[in-house]
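Participant: Sharing a structure here in structure tokens format.
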Amino acid sequence: MLIALLAGCPAKVDFTTPIPLDDTFGHAEPTPEERERFVAAATYSREHHGLSFLVVRGTDVIFEDWPAPPTTPHHLYSGTKTFGCLLAAIGAAEGAFDLDTRVLDAVPAFDDEHPERKDEVTVGQLLHFTSGLDEAWWSLTRDGLLLNPKVEDKVAVALAQPVKDAPGSTFEYGSVHLFVMDGVVEERLGDPLTVLQSHLFDRMNFRTAGWIRDPAGHPALPYGAWTTATEWAKIGVLLRDDGEWQGERLLPEGLLRRCAEGSDANPAYGLTMWLNRSVPPTTELSGFDTMEDWEHGERILRAEGPDDLFAAAGALNQRLYVLPSQDLVVVRQGDKDRHFRDGELLDLLLGKPPEP
């Protein structure tokens, strides 16, 4: 129930320095029919404590609504997790590691205290959240959102966790996988934020207001980023366009498409992205009750599709929706509202399909 729990313990660390708007995106008008839908979706967002609502088609903003100033950064919470897939793509492009790389080969300390089955855990399983590692929620998540955390080195704690389920067999949402991923990147490429900055952020003029780090200096890859809707949309465009940015290829073709591929344990969760797939009723979605009624076999984000829809999602209903087939990226940031539903927002945004 990680997301539900996070909603009850907002971060005490704030990064609120405004991020000025830039000229990355142009502006274009939606059709009258689109505008009607977008206004309805933005109204729904506002009524459920929305703080920003932005729709990008191609390289143009075609609709925007700002209950809070557009330069005000907000905490992405678990929306941050998606940067883990970007790091995996960079690692593959650099020949440093890939999804099949065993964590033990990259980080020898991984088997320090609990060697059982750790030699089976791969980078891909970390990003699918199927590593089988014990979650250690209080040490790795709750403590990391405090102004004065007590756990000095969260990467060390994550690396020391035992494997409680056979790697690849069970989906469990949480922070342990991405703190281990921190360790993989640090061993093979260096500080994860420095890697992201040099390979992607500088080239895209992507900016954050700040990023939570543990006392040892490791960036909180599971939940650390603060940024604006406009900046987060840049990441959505990079994902939508499979690593191409404003006509320049930043990552080799095909690497970011892997972010939207699910696992056997949870077909509706890619490499740190939620996918619009149906899942067996036994699948544990960690209290993510803003999704559709997946117990009845419907796709979890929006029952009517589209099939290629995927999303980055964080506590307090932070959302980055990516719809490659419609060339759209939609950002919605918000504050806590237990009545918010992805399916309801997306129905308004996309319109109900015609009756068969």
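Convention: chains lettered A, B, ... in structure tokens order; per-chain residue numbering from 1; ligands numbered from 1 as shown.
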Need the shell around region 38-53 of chain A: protein/DNA/RNA residues with any atom at most 7 Å away, counting only C-alpha atoms. Skip same-chain ones fewer than 3 positions apart. Format as a PyMOL selection string?

Facilitator: chain A and resi 34-35+64-68+229+331-337+340+345+348-349

Participant: Could you give me, as a list in words, the residues within 9 Å of Phe171 (chain A), counting only C-alpha atoms and dropping anything in the same chain fewer than 4 positions from it?

Facilitator: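 In the requested format, the answer is His128, Phe129, Thr130, Ser131, Gly132, Ser263, Ala265, Asn266, Tyr269, Thr283, Glu284 and Leu285 of chain A.
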
Participant: Write the residues of the preceding selection, restricted to C-alpha atoms, as an mmCIF file, in the first residue's frame.

Facilitator:
data_model
loop_
_atom_site.group_PDB
_atom_site.id
_atom_site.type_symbol
_atom_site.label_atom_id
_atom_site.label_comp_id
_atom_site.auth_asym_id
_atom_site.auth_seq_id
_atom_site.Cartn_x
_atom_site.Cartn_y
_atom_site.Cartn_z
ATOM 1 C CA HIS A 128 10.140 -4.173 -13.034
ATOM 2 C CA PHE A 129 9.984 -4.312 -9.213
ATOM 3 C CA THR A 130 10.249 -8.089 -9.349
ATOM 4 C CA SER A 131 13.643 -8.441 -7.667
ATOM 5 C CA GLY A 132 12.109 -10.247 -4.678
ATOM 6 C CA SER A 263 6.689 -8.412 -16.861
ATOM 7 C CA ALA A 265 4.549 -10.935 -12.684
ATOM 8 C CA ASN A 266 2.750 -7.676 -13.564
ATOM 9 C CA TYR A 269 4.008 -2.274 -14.895
ATOM 10 C CA THR A 283 -1.971 -8.916 -8.772
ATOM 11 C CA GLU A 284 -1.087 -6.574 -5.916
ATOM 12 C CA LEU A 285 -1.159 -2.983 -7.183
#

Participant: Among region 203-305 of chain A, which residues does DSSP mark as strand (DSSP E) when it is run on the backbone? Keep the chain and numbering as in the structure and answer as an NGL selection string.

Facilitator: :A and (210-211 or 225-227 or 244-245 or 248-249 or 274-275)

Participant: Could you save those same residues with N, CA and C atoms as a compact mmCIF listing (two decimals), in the first residue's frame?

Facilitator:
# COMPACT_ATOMS: atom_id res chain seq x y z
N GLY A 210 15.23 20.82 -7.13
CA GLY A 210 16.05 20.11 -6.15
C GLY A 210 15.71 18.63 -6.19
N TRP A 211 16.50 17.86 -5.50
CA TRP A 211 16.35 16.40 -5.49
C TRP A 211 16.78 15.90 -4.12
N ALA A 225 12.56 13.86 -6.80
CA ALA A 225 12.60 15.02 -7.69
C ALA A 225 11.47 16.02 -7.43
N TRP A 226 11.82 17.30 -7.58
CA TRP A 226 10.86 18.41 -7.56
C TRP A 226 11.00 19.19 -8.86
N THR A 227 9.90 19.37 -9.58
CA THR A 227 9.97 20.15 -10.81
C THR A 227 8.59 20.65 -11.19
N GLU A 244 14.40 10.54 -28.82
CA GLU A 244 14.73 11.65 -29.73
C GLU A 244 14.21 12.95 -29.13
N TRP A 245 15.00 14.00 -29.30
CA TRP A 245 14.62 15.28 -28.70
C TRP A 245 14.89 16.40 -29.70
N GLU A 248 17.08 15.61 -32.54
CA GLU A 248 18.37 15.02 -32.20
C GLU A 248 18.15 13.74 -31.42
N ARG A 249 18.83 12.68 -31.79
CA ARG A 249 18.70 11.42 -31.08
C ARG A 249 19.65 11.42 -29.88
N TRP A 274 3.67 2.76 -15.33
CA TRP A 274 2.40 2.05 -15.31
C TRP A 274 1.86 1.95 -16.74
N LEU A 275 1.40 0.77 -17.14
CA LEU A 275 0.93 0.51 -18.50
C LEU A 275 -0.58 0.27 -18.49

Participant: Any idea what's packed within 10 Å of Lys81 (chain A), counting only C-alpha atoms, ignoring anything in its chain fewer than 5 positions away? Could you give it as a list in words?

Facilitator: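 Residues meeting the cut-off are Leu76, Leu86, Leu127, Gly174, Ser175, Leu178, Ala220, Leu221, Pro222, Tyr223, Gly224, Ala225, Leu271, Thr272, Met273, Ala312, Ala313 and Gly314 of chain A.
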
Participant: Keeping C-alpha atoms for every residue in the selection just given, could you write it to a file as a JSON list (two decimals), in the first residue's frame?

Facilitator:
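The resulting file, out.json, is reproduced below:
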[["chain", "number", "residue", "atom", "x", "y", "z"],
["A", 76, "LEU", "CA", 6.93, 14.24, -8.08],
["A", 86, "LEU", "CA", 16.34, 6.60, -18.37],
["A", 127, "LEU", "CA", 13.11, -1.81, -12.70],
["A", 174, "GLY", "CA", 8.56, 0.12, -3.42],
["A", 175, "SER", "CA", 11.89, 1.89, -2.96],
["A", 178, "LEU", "CA", 15.72, 1.77, -7.07],
["A", 220, "ALA", "CA", 16.57, 9.29, -3.82],
["A", 221, "LEU", "CA", 15.80, 7.69, -7.18],
["A", 222, "PRO", "CA", 12.46, 6.34, -5.92],
["A", 223, "TYR", "CA", 10.93, 9.69, -4.86],
["A", 224, "GLY", "CA", 13.39, 12.59, -4.83],
["A", 225, "ALA", "CA", 12.60, 15.02, -7.69],
["A", 271, "LEU", "CA", 10.37, -0.51, -16.36],
["A", 272, "THR", "CA", 9.15, 2.05, -13.78],
["A", 273, "MET", "CA", 6.05, 3.01, -15.82],
["A", 312, "ALA", "CA", 4.52, 7.87, -14.48],
["A", 313, "ALA", "CA", 2.65, 8.26, -11.20],
["A", 314, "GLY", "CA", 3.38, 9.65, -7.77]]

Participant: Tell me which protein, DNA and RNA residues are within 8 Å of Thr101 (chain A), counting only C-alpha atoms, leaving out same-chain ones fewer than 6 positions away, and put them as a PyMOL selection string.

Facilitator: chain A and resi 122-124

Participant: Next, the residues of the selection above should be written as a short mmCIF file (atom, residue, chain, number, x, y, z; two decimals), in the first residue's frame with C-alpha atoms.

Facilitator:
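The new file out_1.cif reads:
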data_model
loop_
_atom_site.label_atom_id
_atom_site.label_comp_id
_atom_site.auth_asym_id
_atom_site.auth_seq_id
_atom_site.Cartn_x
_atom_site.Cartn_y
_atom_site.Cartn_z
CA THR A 122 19.06 -8.57 -12.62
CA VAL A 123 18.83 -4.87 -13.45
CA GLY A 124 15.63 -5.57 -15.39
#

Participant: Find the residue from A:Val56, A:Val176, A:Val195, A:Leu189 that sits nearest to Gln161 (chain A); use only C-alpha atoms when measuring.

Facilitator: A:Val176

Participant: Might you pull out every residue within 12 Å of region 212-218 of chain A, with only C-alpha atoms counted and same-chain residues fewer than 4 positions away left off, and present them as number ranges by chain?

Facilitator: A: 11-15, 75-77, 80, 139-158, 178-186, 190-194, 208, 222-226

Participant: Under the rule that only C-alpha atoms are counted, which of A:Ala166, A:Arg258, A:Leu104, A:Leu21 is the nearest residue to Arg117 (chain A)?

Facilitator: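 Ranked by minimum distance to Arg117 (chain A), first place goes to A:Ala166.
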
Participant: Out of A:Gly168, A:Arg37, A:Glu187, A:Thr82, which residue has the shortest atom-to-atom distance to Val103 (chain A) when counting only C-alpha atoms?

Facilitator: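 Closest to Val103 (chain A) of all the choices is A:Glu187.
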
Participant: May I ask which of the residues A:Arg277, A:Arg57, A:Met204, A:Glu231 is the closest one to Pro324 (chain A), counting only C-alpha atoms?

Facilitator: A:Arg57

Participant: Please determine, counting only C-alpha atoms, which residue among A:Val163, A:Val55, A:Ala92, A:Ala209 has the shortest atom-to-atom distance to Glu253 (chain A).

Facilitator: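 For Glu253 (chain A), the nearest of the given residues is A:Ala92.
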
Participant: Which is closest to Ala315 (chain A) among A:Gly84, A:Gly79, A:Pro70, A:Pro30, if we use only C-alpha atoms?

Facilitator: A:Gly79
